[in-house]
Amino acid sequence: MNGKHVAGTVEVTGTELVLSGFSSDEGPDLHVYLTDGTDEAAVEAGMRIDAVKFDSAAQKFTLSGVDLSQYTDVVIHCDKAKAVFGAAKLA
């Protein structure tokens with residue numbers, strides 16, 4: 001998205017968000033979000049989970065008390081550039 005490349009798979013359970021085989025174009029301030037859409041408004045209204053390392057293939061994030069029914073997408077977002085790098089639908 002937005003001319004950026006993100007690859008890999010995401011698995012979300014009630015307690016964890018797991019990125020596997022993850023790679024991304026480098027960004028100065030990348031974070032993973034749970035959102036209801038993939039535009040800037042959805043990111044702003046979504047839940048920021050944590051910072052993402054663009055060059056780390058396996059990453060895990062704890063989801064404590066998150067109601068997954070409120071979200072439709074997982075988004076990789078550069079907060080500094082205000083740009084969505086990539087997204088995946090929650091299954």
# chains A, B, ... in the order shown; residues from 1 in each chain; ligands from 1

call {"tool": "residues_around", "arguments": {"residues": "Thr35 in chain A", "least_positions_apart": "2", "cutoff": "6 Å", "atoms": "only C-alpha atoms", "output": "list in words"}}
result
Gly37, Ala42, Val43, Gly46, Tyr71 and Asp73 of chain A

call {"tool": "select_by_dssp", "arguments": {"residues": "range 11-89 of chain A", "states": "helix (DSSP H, G or I)", "output": "list in words"}}
result
Glu40, Ala41, Ala42, Val43, Glu44, Ala45, Leu68, Ser69 and Gln70 of chain A

call {"tool": "write_last_selection", "arguments": {"atoms": "N, CA, C and O atoms", "output": "mmCIF file, in the first residue's frame"}}
result
data_model
loop_
_atom_site.group_PDB
_atom_site.id
_atom_site.type_symbol
_atom_site.label_atom_id
_atom_site.label_comp_id
_atom_site.auth_asym_id
_atom_site.auth_seq_id
_atom_site.Cartn_x
_atom_site.Cartn_y
_atom_site.Cartn_z
ATOM 1 N N GLU A 40 -6.282 6.279 6.930
ATOM 2 C CA GLU A 40 -5.744 7.014 8.086
ATOM 3 C C GLU A 40 -6.774 7.187 9.206
ATOM 4 O O GLU A 40 -6.447 7.086 10.383
ATOM 5 N N ALA A 41 -8.026 7.423 8.847
ATOM 6 C CA ALA A 41 -9.071 7.585 9.863
ATOM 7 C C ALA A 41 -9.239 6.293 10.662
ATOM 8 O O ALA A 41 -9.412 6.326 11.885
ATOM 9 N N ALA A 42 -9.180 5.152 9.979
ATOM 10 C CA ALA A 42 -9.304 3.859 10.657
ATOM 11 C C ALA A 42 -8.124 3.620 11.594
ATOM 12 O O ALA A 42 -8.294 3.104 12.694
ATOM 13 N N VAL A 43 -6.932 4.006 11.159
ATOM 14 C CA VAL A 43 -5.745 3.844 12.007
ATOM 15 C C VAL A 43 -5.873 4.726 13.247
ATOM 16 O O VAL A 43 -5.627 4.282 14.368
ATOM 17 N N GLU A 44 -6.280 5.973 13.055
ATOM 18 C CA GLU A 44 -6.428 6.887 14.193
ATOM 19 C C GLU A 44 -7.470 6.380 15.183
ATOM 20 O O GLU A 44 -7.317 6.551 16.391
ATOM 21 N N ALA A 45 -8.527 5.749 14.687
ATOM 22 C CA ALA A 45 -9.590 5.233 15.559
ATOM 23 C C ALA A 45 -9.267 3.836 16.091
ATOM 24 O O ALA A 45 -9.932 3.357 17.013
ATOM 25 N N LEU A 68 -11.608 -8.476 19.948
ATOM 26 C CA LEU A 68 -11.282 -8.601 18.523
ATOM 27 C C LEU A 68 -12.487 -8.383 17.617
ATOM 28 O O LEU A 68 -12.321 -8.062 16.444
ATOM 29 N N SER A 69 -13.700 -8.520 18.149
ATOM 30 C CA SER A 69 -14.895 -8.321 17.324
ATOM 31 C C SER A 69 -15.052 -6.865 16.886
ATOM 32 O O SER A 69 -15.830 -6.562 15.987
ATOM 33 N N GLN A 70 -14.299 -5.963 17.477
ATOM 34 C CA GLN A 70 -14.363 -4.542 17.136
ATOM 35 C C GLN A 70 -13.491 -4.177 15.924
ATOM 36 O O GLN A 70 -13.533 -3.044 15.458
#

call {"tool": "select_by_dssp", "arguments": {"residues": "chain A", "states": "strand (DSSP E)", "output": "VMD selection string"}}
result
chain A and resid 6 to 12 16 to 24 30 to 35 47 to 51 59 to 62 73 to 78 83 to 89

call {"tool": "closest_residue", "arguments": {"among": "A:Val12, A:Val52, A:Met47, A:Ala83", "to": "Leu30 in chain A", "atoms": "only C-alpha atoms"}}
result
A:Val52

call {"tool": "atom_distance", "arguments": {"atom1": "CA of Asp79 in chain A", "atom2": "CA of Asp67 in chain A"}}
result
23.0 Å

call {"tool": "residues_around", "arguments": {"residues": "Glu11 in chain A", "least_positions_apart": "2", "cutoff": "9 Å", "atoms": "only C-alpha atoms", "output": "list in words"}}
result
Thr9, Thr13, Glu16, Leu17, Val18, Leu19, Ser20, Leu90 and Ala91 of chain A

call {"tool": "write_last_selection", "arguments": {"atoms": "N, CA and C atoms", "output": "short mmCIF file (atom, residue, chain, number, x, y, z; two decimals), in the first residue's frame"}}
result
data_model
loop_
_atom_site.label_atom_id
_atom_site.label_comp_id
_atom_site.auth_asym_id
_atom_site.auth_seq_id
_atom_site.Cartn_x
_atom_site.Cartn_y
_atom_site.Cartn_z
N THR A 9 2.70 -13.43 7.15
CA THR A 9 1.38 -13.83 7.60
C THR A 9 1.16 -13.32 9.02
N THR A 13 -5.03 -14.42 17.93
CA THR A 13 -5.86 -15.20 18.85
C THR A 13 -6.39 -14.22 19.90
N GLU A 16 -2.88 -13.13 21.62
CA GLU A 16 -1.63 -12.85 20.93
C GLU A 16 -1.82 -12.51 19.46
N LEU A 17 -0.96 -11.63 18.98
CA LEU A 17 -0.86 -11.32 17.56
C LEU A 17 0.53 -11.76 17.14
N VAL A 18 0.61 -12.65 16.14
CA VAL A 18 1.89 -13.22 15.72
C VAL A 18 2.14 -12.90 14.25
N LEU A 19 3.29 -12.30 13.96
CA LEU A 19 3.74 -12.07 12.59
C LEU A 19 4.76 -13.15 12.26
N SER A 20 4.59 -13.83 11.12
CA SER A 20 5.52 -14.87 10.67
C SER A 20 5.97 -14.56 9.26
N LEU A 90 -8.58 -9.62 9.25
CA LEU A 90 -8.69 -10.59 10.32
C LEU A 90 -9.60 -11.71 9.86
N ALA A 91 -9.20 -12.93 10.14
CA ALA A 91 -10.00 -14.09 9.72
C ALA A 91 -11.10 -14.37 10.73
#

call {"tool": "residues_around", "arguments": {"residues": "Ser23 in chain A", "least_positions_apart": "4", "cutoff": "10 Å", "atoms": "only C-alpha atoms", "output": "number ranges by chain"}}
result
A: 5-9, 19, 53-58

call {"tool": "write_last_selection", "arguments": {"atoms": "all heavy atoms", "output": "PDB file, in the first residue's frame"}}
result
ATOM      1  N   HIS A   5       6.167  -2.056   0.493  1.00  0.00           N
ATOM      2  CA  HIS A   5       6.062  -3.512   0.420  1.00  0.00           C
ATOM      3  C   HIS A   5       6.075  -4.107   1.824  1.00  0.00           C
ATOM      4  O   HIS A   5       6.968  -3.818   2.613  1.00  0.00           O
ATOM      5  CB  HIS A   5       7.231  -4.080  -0.382  1.00  0.00           C
ATOM      6  CG  HIS A   5       7.253  -5.575  -0.390  1.00  0.00           C
ATOM      7  ND1 HIS A   5       6.425  -6.326  -1.179  1.00  0.00           N
ATOM      8  CD2 HIS A   5       7.985  -6.462   0.325  1.00  0.00           C
ATOM      9  CE1 HIS A   5       6.651  -7.601  -0.967  1.00  0.00           C
ATOM     10  NE2 HIS A   5       7.597  -7.709  -0.051  1.00  0.00           N
ATOM     11  N   VAL A   6       5.071  -4.918   2.118  1.00  0.00           N
ATOM     12  CA  VAL A   6       4.997  -5.676   3.368  1.00  0.00           C
ATOM     13  C   VAL A   6       4.603  -7.100   2.992  1.00  0.00           C
ATOM     14  O   VAL A   6       3.713  -7.296   2.168  1.00  0.00           O
ATOM     15  CB  VAL A   6       3.960  -5.078   4.345  1.00  0.00           C
ATOM     16  CG1 VAL A   6       3.795  -5.954   5.574  1.00  0.00           C
ATOM     17  CG2 VAL A   6       4.361  -3.670   4.762  1.00  0.00           C
ATOM     18  N   ALA A   7       5.263  -8.087   3.593  1.00  0.00           N
ATOM     19  CA  ALA A   7       4.956  -9.482   3.312  1.00  0.00           C
ATOM     20  C   ALA A   7       4.948 -10.277   4.612  1.00  0.00           C
ATOM     21  O   ALA A   7       5.510  -9.848   5.614  1.00  0.00           O
ATOM     22  CB  ALA A   7       5.991 -10.062   2.350  1.00  0.00           C
ATOM     23  N   GLY A   8       4.308 -11.442   4.558  1.00  0.00           N
ATOM     24  CA  GLY A   8       4.269 -12.323   5.715  1.00  0.00           C
ATOM     25  C   GLY A   8       2.849 -12.716   6.043  1.00  0.00           C
ATOM     26  O   GLY A   8       1.907 -12.388   5.324  1.00  0.00           O
ATOM     27  N   THR A   9       2.700 -13.431   7.150  1.00  0.00           N
ATOM     28  CA  THR A   9       1.379 -13.835   7.603  1.00  0.00           C
ATOM     29  C   THR A   9       1.161 -13.319   9.016  1.00  0.00           C
ATOM     30  O   THR A   9       2.108 -13.095   9.768  1.00  0.00           O
ATOM     31  CB  THR A   9       1.223 -15.371   7.579  1.00  0.00           C
ATOM     32  OG1 THR A   9       2.213 -15.944   8.429  1.00  0.00           O
ATOM     33  CG2 THR A   9       1.348 -15.927   6.185  1.00  0.00           C
ATOM     34  N   LEU A  19       3.287 -12.302  13.961  1.00  0.00           N
ATOM     35  CA  LEU A  19       3.735 -12.074  12.588  1.00  0.00           C
ATOM     36  C   LEU A  19       4.760 -13.147  12.256  1.00  0.00           C
ATOM     37  O   LEU A  19       5.702 -13.369  13.026  1.00  0.00           O
ATOM     38  CB  LEU A  19       4.373 -10.696  12.448  1.00  0.00           C
ATOM     39  CG  LEU A  19       3.490  -9.489  12.738  1.00  0.00           C
ATOM     40  CD1 LEU A  19       4.301  -8.200  12.646  1.00  0.00           C
ATOM     41  CD2 LEU A  19       2.307  -9.435  11.800  1.00  0.00           C
ATOM     42  N   LYS A  53       9.428  -4.282  14.116  1.00  0.00           N
ATOM     43  CA  LYS A  53      10.769  -4.248  13.530  1.00  0.00           C
ATOM     44  C   LYS A  53      10.646  -4.667  12.077  1.00  0.00           C
ATOM     45  O   LYS A  53      10.192  -5.778  11.789  1.00  0.00           O
ATOM     46  CB  LYS A  53      11.699  -5.180  14.280  1.00  0.00           C
ATOM     47  CG  LYS A  53      11.899  -4.773  15.725  1.00  0.00           C
ATOM     48  CD  LYS A  53      12.723  -5.784  16.462  1.00  0.00           C
ATOM     49  CE  LYS A  53      12.794  -5.392  17.922  1.00  0.00           C
ATOM     50  NZ  LYS A  53      13.245  -6.491  18.757  1.00  0.00           N
ATOM     51  N   PHE A  54      11.037  -3.796  11.157  1.00  0.00           N
ATOM     52  CA  PHE A  54      10.873  -4.076   9.724  1.00  0.00           C
ATOM     53  C   PHE A  54      11.710  -5.256   9.263  1.00  0.00           C
ATOM     54  O   PHE A  54      11.405  -5.884   8.257  1.00  0.00           O
ATOM     55  CB  PHE A  54      11.195  -2.835   8.879  1.00  0.00           C
ATOM     56  CG  PHE A  54      12.664  -2.543   8.760  1.00  0.00           C
ATOM     57  CD1 PHE A  54      13.395  -3.024   7.686  1.00  0.00           C
ATOM     58  CD2 PHE A  54      13.324  -1.796   9.720  1.00  0.00           C
ATOM     59  CE1 PHE A  54      14.754  -2.768   7.561  1.00  0.00           C
ATOM     60  CE2 PHE A  54      14.673  -1.530   9.615  1.00  0.00           C
ATOM     61  CZ  PHE A  54      15.392  -2.020   8.533  1.00  0.00           C
ATOM     62  N   ASP A  55      12.771  -5.584  10.008  1.00  0.00           N
ATOM     63  CA  ASP A  55      13.700  -6.621   9.568  1.00  0.00           C
ATOM     64  C   ASP A  55      13.706  -7.864  10.461  1.00  0.00           C
ATOM     65  O   ASP A  55      14.650  -8.632  10.452  1.00  0.00           O
ATOM     66  CB  ASP A  55      15.107  -6.043   9.459  1.00  0.00           C
ATOM     67  CG  ASP A  55      15.606  -5.487  10.791  1.00  0.00           C
ATOM     68  OD1 ASP A  55      14.827  -5.407  11.762  1.00  0.00           O
ATOM     69  OD2 ASP A  55      16.796  -5.128  10.859  1.00  0.00           O
ATOM     70  N   SER A  56      12.636  -8.074  11.225  1.00  0.00           N
ATOM     71  CA  SER A  56      12.532  -9.246  12.086  1.00  0.00           C
ATOM     72  C   SER A  56      11.371 -10.117  11.604  1.00  0.00           C
ATOM     73  O   SER A  56      10.207  -9.710  11.671  1.00  0.00           O
ATOM     74  CB  SER A  56      12.308  -8.812  13.539  1.00  0.00           C
ATOM     75  OG  SER A  56      12.229  -9.925  14.383  1.00  0.00           O
ATOM     76  N   ALA A  57      11.682 -11.329  11.116  1.00  0.00           N
ATOM     77  CA  ALA A  57      10.687 -12.177  10.461  1.00  0.00           C
ATOM     78  C   ALA A  57       9.614 -12.710  11.412  1.00  0.00           C
ATOM     79  O   ALA A  57       8.484 -12.925  11.010  1.00  0.00           O
ATOM     80  CB  ALA A  57      11.371 -13.347   9.756  1.00  0.00           C
ATOM     81  N   ALA A  58       9.964 -12.944  12.680  1.00  0.00           N
ATOM     82  CA  ALA A  58       9.015 -13.493  13.648  1.00  0.00           C
ATOM     83  C   ALA A  58       8.849 -12.513  14.811  1.00  0.00           C
ATOM     84  O   ALA A  58       9.819 -12.175  15.476  1.00  0.00           O
ATOM     85  CB  ALA A  58       9.498 -14.841  14.156  1.00  0.00           C
TER      86      ALA A  58
END
